[in-house]
$ cat data.txt   # compact mmCIF, C-alpha atoms
# COMPACT_ATOMS: atom_id res chain seq x y z
CA LYS O 510 20.10 15.58 4.05
CA PHE O 511 20.51 18.90 2.19
CA CYS O 512 22.43 19.38 -1.07
CA LEU O 513 23.66 22.87 -1.90
CA LEU O 514 23.49 23.92 -5.55
CA LEU O 515 25.27 27.17 -6.32
CA PRO O 516 25.12 29.22 -9.53
CA GLY O 517 27.95 28.58 -11.91
CA TYR O 518 29.37 25.92 -14.16
CA ARG O 519 28.07 22.92 -12.19
CA TYR O 520 24.54 24.27 -11.58
CA THR O 521 22.61 22.42 -14.27
CA THR O 522 19.27 20.63 -14.54
CA PRO O 523 20.94 17.16 -14.41
CA ASP O 524 22.58 18.12 -11.11
CA LEU O 525 19.24 19.16 -9.63
CA LEU O 526 17.55 15.97 -10.78
CA ASP O 527 20.40 13.80 -9.51
CA VAL O 528 20.00 15.41 -6.09
CA ILE O 529 16.25 14.74 -5.75
CA MET O 530 16.64 11.24 -7.23
CA GLN O 531 19.01 10.41 -4.35
CA GLY O 532 16.48 11.64 -1.78
CA CYS O 533 18.41 14.79 -0.91
CA VAL O 534 16.59 18.12 -0.45
CA PRO O 535 18.14 20.70 -2.78
CA VAL O 536 19.12 24.16 -1.56
CA TYR O 537 19.32 26.48 -4.56
CA THR O 538 19.47 30.05 -5.79
CA HIS O 539 17.84 30.77 -9.11
CA ALA O 540 17.70 34.49 -9.59
CA ASP O 541 18.86 34.09 -13.20
CA TYR O 542 18.08 30.39 -13.68
CA MET O 543 14.83 28.79 -14.87
CA LEU O 544 14.05 25.53 -13.10
CA PRO O 545 12.73 22.61 -15.19
CA PHE O 546 8.98 22.80 -15.95
CA GLU O 547 8.85 25.81 -13.65
CA GLU O 548 5.57 27.03 -15.11
CA VAL O 549 3.71 24.04 -13.65
CA LEU O 550 5.94 22.67 -10.87
CA ASP O 551 6.33 24.45 -7.54
CA TRP O 552 9.96 23.81 -6.65
CA ARG O 553 9.47 25.42 -3.24
CA LEU O 554 7.72 22.17 -2.27
CA VAL O 555 10.84 20.22 -3.25
CA GLY O 556 13.74 22.33 -2.05
CA VAL O 557 14.83 25.40 -0.11
CA PRO O 558 15.13 28.49 -2.35
CA LEU O 559 17.64 31.13 -1.26
CA ARG O 560 18.41 34.61 -2.42
CA PRO O 561 22.14 35.04 -3.05
CA ALA O 562 22.31 37.69 -0.35
CA PHE O 563 21.16 35.11 2.24
CA LEU O 564 23.98 32.61 1.58
CA PRO O 565 26.00 33.73 4.64
CA ARG O 566 22.98 32.79 6.80
CA ILE O 567 22.46 29.39 5.21
CA LEU O 568 23.15 27.30 8.33
CA SER O 569 20.62 29.14 10.47
CA ILE O 570 18.05 28.94 7.66
CA LEU O 571 18.45 25.18 7.30
CA GLU O 572 18.31 24.68 11.06
CA GLY O 573 14.85 26.19 10.87
CA VAL O 574 13.64 23.41 8.55
CA GLY O 575 11.99 20.84 10.84
CA GLU O 576 12.05 17.09 10.35
CA GLU O 577 8.44 16.96 9.15
CA GLU O 578 8.97 19.75 6.61
CA TRP O 579 12.20 18.11 5.39
CA SER O 580 10.41 14.75 5.03
CA GLN O 581 7.60 16.38 3.01
CA LYS O 582 10.10 18.05 0.68
CA GLN O 583 12.00 14.79 0.23
CA ARG O 584 8.79 12.88 -0.62
CA GLN O 585 7.72 15.57 -3.04
CA GLY O 586 11.12 15.51 -4.71
CA LEU O 587 10.96 11.75 -5.21
CA ARG O 588 7.43 12.04 -6.56
CA VAL O 589 8.43 14.83 -9.00
CA TRP O 590 11.40 12.77 -10.15
CA THR O 591 9.35 9.59 -10.63
CA LYS O 592 6.39 11.22 -12.36
CA TYR O 593 8.10 13.80 -14.57
CA PHE O 594 11.83 13.07 -14.99
CA SER O 595 12.62 9.37 -14.40
CA SER O 596 12.86 8.52 -18.10
CA LEU O 597 13.16 10.23 -21.46
CA GLY O 598 9.62 9.16 -22.23
CA ARG O 599 8.25 10.86 -19.11
CA ILE O 600 10.16 14.07 -19.87
CA VAL O 601 8.80 14.11 -23.43
CA LEU O 602 5.26 13.34 -22.22
CA THR O 603 5.41 16.13 -19.62
CA THR O 604 6.66 18.56 -22.28
CA LEU O 605 3.80 17.59 -24.59
CA LEU O 606 1.27 17.98 -21.78
CA ILE O 607 2.51 21.49 -21.05
CA LEU O 608 2.37 22.40 -24.75
CA ASN O 609 -1.13 20.96 -24.97
CA GLU O 610 -2.25 23.07 -22.02
CA ARG O 611 -0.84 26.18 -23.68
CA VAL O 612 -2.88 25.44 -26.81
CA PHE O 613 -6.01 24.31 -24.94
CA PRO O 614 -5.94 26.22 -21.63
CA THR O 615 -9.55 25.28 -20.81
CA HIS O 616 -8.41 21.64 -20.44
CA ALA O 617 -5.33 22.44 -18.35
CA SER O 618 -4.69 20.75 -15.02
CA SER O 619 -4.69 23.00 -12.01
CA PHE O 620 -1.47 24.04 -10.29
CA GLU O 621 -2.55 21.91 -7.33
CA GLU O 622 -3.01 18.81 -9.54
CA TRP O 623 0.49 19.18 -10.91
CA ASN O 624 2.01 19.58 -7.47
CA LEU O 625 -0.17 17.75 -4.95
CA LEU O 626 1.65 14.95 -3.16
CA GLU O 627 0.61 11.59 -4.58
CA THR O 628 -0.32 10.32 -1.12
CA ASP O 629 -2.54 13.37 -0.62
CA LEU O 630 -4.18 12.78 -3.98
CA ARG O 631 -5.04 9.24 -2.97
CA ARG O 632 -6.47 10.31 0.35
CA VAL O 633 -8.95 12.78 -1.12
CA ASN O 634 -11.47 9.96 -1.58
CA PRO O 635 -9.72 6.59 -1.91
CA LEU O 636 -12.88 4.50 -2.12
CA LEU O 637 -16.16 5.26 -3.80
CA MET O 638 -18.35 3.52 -1.27
CA HIS O 639 -21.17 4.04 1.15
CA PRO O 640 -20.02 4.87 4.70
CA ILE O 641 -21.55 1.57 5.83
CA PRO O 642 -22.13 -1.01 3.06
CA ALA O 643 -25.46 -2.78 3.10
CA ALA O 644 -25.43 -6.05 5.05
CA ASP O 645 -27.05 -8.05 2.26
CA THR O 646 -24.21 -7.37 -0.19
CA GLY O 647 -22.09 -10.04 1.54
CA PHE O 648 -18.47 -10.90 0.91
CA THR O 649 -16.28 -13.12 -1.26
CA ALA O 650 -13.81 -15.50 0.39
CA VAL O 651 -10.50 -15.74 -1.49
CA ILE O 652 -8.61 -18.80 -0.23
CA PHE O 653 -4.91 -19.11 -1.00
CA SER O 654 -4.31 -22.86 -1.21
CA ASN O 655 -1.07 -24.81 -1.11
CA ASN O 656 -2.66 -28.26 -1.48
CA ARG O 657 -3.61 -28.83 2.15
CA ASP O 658 -6.74 -30.73 1.29
CA ASP O 659 -7.89 -31.80 4.76
CA SER O 660 -7.65 -28.34 6.32
CA LEU O 661 -9.18 -26.77 3.20
CA LYS O 662 -12.23 -29.04 3.44
CA LYS O 663 -12.60 -28.13 7.11
CA LEU O 664 -12.41 -24.43 6.28
CA LEU O 665 -14.97 -24.81 3.49
CA ASN O 666 -17.28 -26.64 5.85
CA THR O 667 -17.09 -23.68 8.25
CA LEU O 668 -17.70 -21.16 5.46
CA ASP O 669 -20.76 -23.11 4.32
CA SER O 670 -22.53 -21.96 7.50
CA VAL O 671 -21.82 -18.22 7.00
CA SER O 672 -25.00 -16.62 5.67
CA THR O 673 -23.32 -13.44 4.36
CA LEU O 674 -20.80 -15.34 2.20
CA LYS O 675 -21.66 -15.02 -1.50
CA LYS O 676 -18.84 -16.83 -3.26
CA VAL O 677 -15.63 -18.78 -2.61
CA ILE O 678 -12.61 -18.40 -4.90
CA ILE O 679 -9.71 -20.80 -4.39
CA ILE O 680 -6.32 -19.62 -5.68
CA TRP O 681 -4.65 -22.95 -6.44
CA ASN O 682 -0.97 -22.15 -5.90
CA GLU O 683 0.37 -25.65 -6.44
CA ARG O 684 1.86 -27.47 -9.42
CA GLY O 685 1.69 -31.17 -10.17
CA THR O 686 -1.63 -31.72 -8.40
CA ILE O 687 -5.18 -31.40 -9.59
CA PRO O 688 -7.75 -29.46 -7.55
CA SER O 689 -10.39 -31.60 -5.93
CA SER O 690 -13.81 -31.85 -7.54
CA ASP O 691 -15.73 -32.35 -4.28
CA TRP O 692 -15.51 -28.81 -2.97
CA GLU O 693 -19.16 -27.98 -3.59
CA LEU O 694 -20.96 -26.12 -0.83
CA THR O 695 -24.66 -26.22 -0.07
CA TYR O 696 -25.66 -22.81 -1.43
CA ILE O 697 -22.39 -21.04 -2.20
CA PRO O 698 -20.61 -21.25 -5.59
CA VAL O 699 -16.94 -22.29 -5.52
CA LYS O 700 -14.56 -21.17 -8.27
CA VAL O 701 -10.97 -22.39 -8.69
CA VAL O 702 -8.34 -20.08 -10.22
CA ILE O 703 -5.04 -21.63 -11.34
CA PRO O 704 -2.42 -18.89 -11.94
CA GLU O 705 0.34 -19.31 -14.50
CA ASP O 706 3.14 -18.85 -11.95
CA LEU O 707 3.49 -19.83 -8.30
CA LYS O 708 3.69 -16.52 -6.45
CA PRO O 709 2.47 -15.37 -3.03
CA THR O 710 1.06 -12.18 -4.56
CA ASN O 711 -1.34 -14.32 -6.62
CA ARG O 712 -3.75 -13.95 -3.70
CA PHE O 713 -4.11 -10.27 -4.64
CA LEU O 714 -4.80 -10.72 -8.34
CA PRO O 715 -7.56 -8.42 -9.67
CA LEU O 716 -10.17 -11.12 -10.23
CA SER O 717 -13.29 -10.40 -12.27
CA GLN O 718 -15.04 -13.20 -10.35
CA ILE O 719 -15.10 -10.97 -7.24
CA GLN O 720 -18.37 -9.06 -7.46
CA THR O 721 -18.75 -7.96 -3.84
CA ASP O 722 -17.22 -4.91 -2.18
CA CYS O 723 -15.82 -7.01 0.65
CA VAL O 724 -13.08 -9.62 0.25
CA MET O 725 -12.06 -12.04 2.98
CA SER O 726 -8.52 -13.29 2.40
CA LEU O 727 -7.80 -16.72 3.89
CA ASP O 728 -5.05 -19.31 3.97
CA ASP O 729 -6.22 -22.88 3.47
CA ASP O 730 -4.93 -23.90 6.92
CA VAL O 731 -7.06 -21.41 8.88
CA THR O 732 -9.36 -23.81 10.70
CA ALA O 733 -9.75 -22.28 14.17
CA LEU O 734 -12.31 -19.64 13.22
CA THR O 735 -15.99 -20.41 13.71
CA ALA O 736 -18.81 -19.35 11.41
CA ASP O 737 -20.03 -16.88 14.05
CA GLU O 738 -16.60 -15.28 14.31
CA ILE O 739 -16.35 -14.92 10.54
CA SER O 740 -19.83 -13.36 10.41
CA PHE O 741 -18.84 -10.96 13.18
CA GLY O 742 -15.65 -10.08 11.31
CA TYR O 743 -17.69 -9.12 8.24
CA GLN O 744 -20.01 -6.96 10.33
CA ALA O 745 -16.96 -5.25 11.86
CA TRP O 746 -15.55 -4.58 8.38
CA ARG O 747 -18.85 -2.92 7.42
CA GLU O 748 -18.13 -0.31 10.10
CA PHE O 749 -14.62 0.29 8.70
CA PRO O 750 -14.86 -0.50 4.95
CA ASP O 751 -11.68 1.40 4.02
CA ARG O 752 -9.52 -0.45 6.60
CA LEU O 753 -7.72 -3.76 6.76
CA VAL O 754 -9.66 -5.78 9.35
CA GLY O 755 -8.29 -9.07 10.59
CA TYR O 756 -7.57 -11.58 13.33
CA HIS O 757 -3.79 -12.03 13.30
CA SER O 758 -1.93 -8.80 14.02
CA SER O 759 1.55 -7.55 14.72
CA TYR O 760 3.35 -4.29 15.34
CA HIS O 761 6.40 -2.88 13.66
CA GLY O 762 8.27 -0.36 15.78
CA GLY O 763 10.90 2.16 14.87
CA ASP O 764 13.68 -0.35 15.47
CA GLN O 765 12.36 -2.52 12.61
CA GLN O 766 11.43 -5.34 14.95
CA PHE O 767 8.13 -7.19 15.04
CA GLU O 768 6.14 -7.63 18.21
CA PHE O 769 3.04 -9.77 18.55
CA PRO O 770 -0.19 -10.08 20.54
CA GLY O 771 -0.72 -9.29 23.32
CA GLN O 772 1.11 -6.07 22.61
CA LYS O 773 -1.35 -3.20 22.57
CA LYS O 774 -0.28 -1.43 19.39
CA VAL O 775 -1.11 -2.86 15.97
CA ASN O 776 -0.08 -1.67 12.52
CA ILE O 777 0.10 -4.90 10.47
CA ILE O 778 -2.71 -7.37 9.83
CA SER O 779 -1.91 -10.80 8.41
CA THR O 780 -3.91 -11.58 5.29
CA LYS O 781 -4.09 -15.24 6.28
CA ALA O 782 -7.47 -14.20 7.77
CA ALA O 783 -8.51 -10.63 6.98
CA PHE O 784 -11.24 -8.51 5.40
CA TYR O 785 -10.63 -5.60 3.03
CA HIS O 786 -12.36 -3.69 0.23
CA ASN O 787 -12.18 -5.15 -3.28
CA HIS O 788 -10.72 -1.80 -4.34
CA TYR O 789 -7.39 -2.86 -2.84
CA GLN O 790 -7.56 -6.22 -4.64
CA ARG O 791 -8.04 -4.42 -7.96
CA ILE O 792 -5.20 -1.92 -7.52
CA PHE O 793 -2.61 -4.04 -5.68
CA ILE O 794 -0.58 -4.98 -8.78
CA SER O 795 -0.73 -1.49 -10.28
CA GLU O 796 -0.16 0.60 -7.13
CA VAL O 797 2.46 -1.42 -5.26
CA PRO O 798 5.99 -0.72 -6.57
CA SER O 799 6.92 -3.47 -9.01
CA ALA O 800 10.27 -3.94 -7.25
CA ALA O 801 8.45 -4.72 -4.01
CA ILE O 802 6.21 -7.28 -5.73
CA GLN O 803 9.26 -8.89 -7.34
CA TRP O 804 11.05 -9.09 -3.98
CA VAL O 805 8.02 -10.69 -2.28
CA ASP O 806 7.56 -13.20 -5.09
CA THR O 807 11.27 -14.06 -5.17
CA PHE O 808 11.62 -14.72 -1.43
CA HIS O 809 7.99 -15.84 -0.80
CA LEU O 810 7.72 -13.51 2.19
CA CYS O 811 5.58 -10.73 3.58
CA GLU O 812 2.85 -10.16 1.02
CA ASP O 813 0.59 -9.29 3.97
CA VAL O 814 3.01 -6.58 5.08
CA VAL O 815 2.84 -5.09 1.58
CA MET O 816 -0.97 -5.05 1.72
CA SER O 817 -0.82 -3.33 5.12
CA LEU O 818 1.56 -0.74 3.65
CA LEU O 819 -0.74 -0.17 0.68
CA VAL O 820 -3.90 0.33 2.76
CA SER O 821 -2.13 2.54 5.29
CA ARG O 822 -0.69 4.70 2.53
CA MET O 823 -4.04 4.98 0.75
CA THR O 824 -6.09 5.87 3.83
CA ASN O 825 -3.61 7.25 6.37
CA LYS O 826 -5.44 5.07 8.92
CA PRO O 827 -4.39 2.07 11.06
CA PRO O 828 -5.83 -1.43 10.62
CA ILE O 829 -8.51 -2.93 12.84
CA ARG O 830 -7.71 -5.94 15.00
CA LEU O 831 -10.42 -8.50 15.72
CA LYS O 832 -10.20 -10.43 18.99
CA TYR O 833 -11.60 -13.94 18.95
CA ASN O 834 -11.74 -16.72 21.49
CA THR O 835 -11.27 -19.95 19.57
CA CYS O 836 -7.81 -19.20 18.23
CA ASP O 837 -5.37 -21.85 19.40
CA GLY O 838 -2.36 -19.74 18.51
CA CYS O 839 -3.44 -16.15 18.06
CA GLY O 840 -0.70 -15.04 20.42
CA GLU O 841 1.93 -17.04 18.61
CA ASP O 842 4.76 -15.55 16.61
CA LEU O 843 3.38 -15.99 13.08
CA TYR O 844 6.58 -14.82 11.40
CA THR O 845 9.88 -16.60 10.93
CA ARG O 846 13.12 -14.75 11.55
CA GLU O 847 13.48 -14.17 7.80
CA GLU O 848 9.99 -12.67 7.64
CA LYS O 849 10.74 -10.35 10.53
CA SER O 850 13.53 -8.75 8.54
CA CYS O 851 11.39 -8.16 5.47
CA LEU O 852 10.24 -4.69 6.43
CA SER O 853 13.82 -3.45 6.46
CA GLU O 854 13.95 -4.64 2.84
CA LEU O 855 10.55 -3.27 1.85
CA ILE O 856 11.47 0.18 3.17
CA ARG O 857 13.62 0.51 0.04
CA PHE O 858 10.51 0.38 -2.13
CA PHE O 859 8.01 2.21 0.09
CA HIS O 860 9.60 5.52 0.88
CA PRO O 861 8.76 6.58 3.46
CA ILE O 862 7.23 3.69 5.40
CA GLU O 863 3.71 4.79 6.33
CA LEU O 864 2.37 2.22 8.78
CA LYS O 865 -0.26 3.78 11.03
CA SER O 866 -0.60 2.29 14.53
CA SER O 867 -3.56 1.91 16.87
CA GLU O 868 -4.42 0.23 20.17
CA PHE O 869 -8.07 -0.09 19.11
CA HIS O 870 -9.61 -3.54 18.66
CA VAL O 871 -13.08 -4.99 18.10
CA GLU O 872 -14.35 -7.86 20.21
CA GLN O 873 -17.51 -9.93 19.98
CA VAL O 874 -19.64 -9.89 23.13

$ encode --input "data.txt" --output "structure tokens"
Amino acid sequence: KFCLLLPGYRYTTPDLLDVIMQGCVPVYTHADYMLPFEEVLDWRLVGVPLRPAFLPRILSILEGVGEEEWSQKQRQGLRVWTKYFSSLGRIVLTTLLILNERVFPTHASSFEEWNLLETDLRRVNPLLMHPIPAADTGFTAVIFSNNRDDSLKKLLNTLDSVSTLKKVIIIWNERGTIPSSDWELTYIPVKVVIPEDLKPTNRFLPLSQIQTDCVMSLDDDVTALTADEISFGYQAWREFPDRLVGYHSSYHGGDQQFEFPGQKKVNIISTKAAFYHNHYQRIFISEVPSAAIQWVDTFHLCEDVVMSLLVSRMTNKPPIRLKYNTCDGCGEDLYTREEKSCLSELIRFFHPIELKSSEFHVEQV
């Protein structure tokens, strides 16, 4: 939890960086020692500085560091390591940036910009949007298809009656079969995208064909929803445009176990039928840790959990659950046993896990 670094032979910059890389909060004295990039980095946000005279009181001082403060210091340490020290290239780039700011001080970043937690930076204004998007902007349906032609046609037939739908994009995640040519809707254009590789995260590709703020993510076997319920879901999203809004929900508790409706708390929305802002579609590949994407694509599990983690981290807000009446299995356990264990794996890549919970739901009356 805490790693003590004392002056002397072993107190070097590599030791300090090794400590924060491992997620340990450093406790250090530096009366005669310059910390790395000290002119721009506030190491008090990363560790616990001590005067040498206070070393006999170290236990009582550390006992005064609460869990929340310790967690903030640990997150800041990992951010500092990742952004400024994780490779030789980053160290050189940081050095050049500091030199550039010395030469051109009018273009220098503020002390806060160098040191603000990345999650705080994202929450300043994560989405450039109107508080309530205009109703006539509509939404784009992105359907993740695994060659279930009959259910896909039924879903398209339902979507054809939704007046606020502007476009349908089908992510054809199947090899050896050719997409059907009879998927034309009455007034709504249908585009088919065939990715190079078969991956569950293909559903979150940053697609230039999406020209609306709102995206509705769907699986091709979602056939229980009616056109009215989809229209209502879009209107609900307009009230919460920075949230993940969807029909199938679950809750992950502190014991890393999933619970399902009708539990009251919700912190995960399944993207088999969910609305979210196109902003998240555009940044998913770049903002989600690449190791997490690789794990999801390797095991074909839990891409919706990753999207819930991304939105929760970006907004610091819980998702919105939609209640609907025609669902034949909305209370069913949507996850296999393997999927239920995925969050314990994903916690390695999202540190710390930041799923926000709520008992709030929206229901059509």

$ residues_around --input "data.txt" --residues "O:Met530" --least-positions-apart "3" --cutoff "9 Å" --atoms "all atoms listed in the file" --output "NGL selection string"
:O and (525-527 or 533 or 586-587 or 590-591 or 595)

$ residues_around --input "data.txt" --residues "stretch 777-789 of chain O" --least-positions-apart "2" --cutoff "7 Å" --atoms "only C-alpha atoms" --output "CSV table (one decimal) with C-alpha atoms, in the frame of the given file"
chain,number,residue,atom,x,y,z
O,722,ASP,CA,-17.2,-4.9,-2.2
O,723,CYS,CA,-15.8,-7.0,0.6
O,724,VAL,CA,-13.1,-9.6,0.2
O,725,MET,CA,-12.1,-12.0,3.0
O,726,SER,CA,-8.5,-13.3,2.4
O,727,LEU,CA,-7.8,-16.7,3.9
O,728,ASP,CA,-5.0,-19.3,4.0
O,746,TRP,CA,-15.6,-4.6,8.4
O,750,PRO,CA,-14.9,-0.5,5.0
O,751,ASP,CA,-11.7,1.4,4.0
O,752,ARG,CA,-9.5,-0.4,6.6
O,753,LEU,CA,-7.7,-3.8,6.8
O,754,VAL,CA,-9.7,-5.8,9.4
O,755,GLY,CA,-8.3,-9.1,10.6
O,756,TYR,CA,-7.6,-11.6,13.3
O,757,HIS,CA,-3.8,-12.0,13.3
O,758,SER,CA,-1.9,-8.8,14.0
O,759,SER,CA,1.6,-7.6,14.7
O,760,TYR,CA,3.4,-4.3,15.3
O,775,VAL,CA,-1.1,-2.9,16.0
O,791,ARG,CA,-8.0,-4.4,-8.0
O,792,ILE,CA,-5.2,-1.9,-7.5
O,793,PHE,CA,-2.6,-4.0,-5.7
O,813,ASP,CA,0.6,-9.3,4.0
O,814,VAL,CA,3.0,-6.6,5.1
O,817,SER,CA,-0.8,-3.3,5.1
O,828,PRO,CA,-5.8,-1.4,10.6

$ residues_near_point --input "data.txt" --point "(20.9, 24.2, 0.1)" --cutoff "12 Å" --atoms "all atoms listed in the file" --output "number ranges by chain"
O: 510-516, 525, 528, 533-539, 553, 555-561, 563-572, 574, 579

$ closest_residue --input "data.txt" --among "O:Asn682, O:Leu864, O:Ser580, O:His809" --to "O:Asp706" --atoms "all atoms listed in the file"
O:Asn682

$ atom_distance --input "data.txt" --atom1 "atom CA of O:Leu550" --atom2 "atom CA of O:Glu622"
9.8 Å

$ axis_aligned_box --input "data.txt" --around "stretch 820-832 of chain O" --padding-each-side "3 Å" --output "lines of an AutoDock Vina configuration file"
center_x = -5.6
center_y = -1.6
center_z = 9.9
size_x = 15.7
size_y = 23.7
size_z = 24.2

$ residues_around --input "data.txt" --residues "O:Pro698" --least-positions-apart "6" --cutoff "8 Å" --atoms "only C-alpha atoms" --output "JSON, numbers by chain"
{"O": [675, 676, 677]}

$ write_last_selection --input "data.txt" --atoms "C-alpha atoms" --output "PDB file, in the coordinates of the input"
ATOM      1  CA  LYS O 675     -21.660 -15.020  -1.500  1.00  0.00           C
ATOM      2  CA  LYS O 676     -18.840 -16.830  -3.260  1.00  0.00           C
ATOM      3  CA  VAL O 677     -15.630 -18.780  -2.610  1.00  0.00           C
TER       4      VAL O 677
END

$ closest_residue --input "data.txt" --among "O:Arg830, O:Arg822, O:Lys662, O:His761" --to "O:Leu852" --atoms "all atoms listed in the file"
O:His761

$ atom_distance --input "data.txt" --atom1 "atom CA of O:Arg599" --atom2 "atom CA of O:Asp806"
27.9 Å

$ atom_distance --input "data.txt" --atom1 "atom CA of O:Thr646" --atom2 "atom CA of O:Thr721"
6.6 Å

$ residues_around --input "data.txt" --residues "stretch 734-742 of chain O" --least-positions-apart "6" --cutoff "10 Å" --atoms "all atoms listed in the file" --output "MDAnalysis selection string"
chainID O and resid 647:648 664 666:674 725 754:756 782:784 830:837 871:873

$ residues_around --input "data.txt" --residues "O:Leu608" --least-positions-apart "6" --cutoff "12 Å" --atoms "only C-alpha atoms" --output "ChimeraX atom specification"
/O:546,548-549,601-602,614,616-617
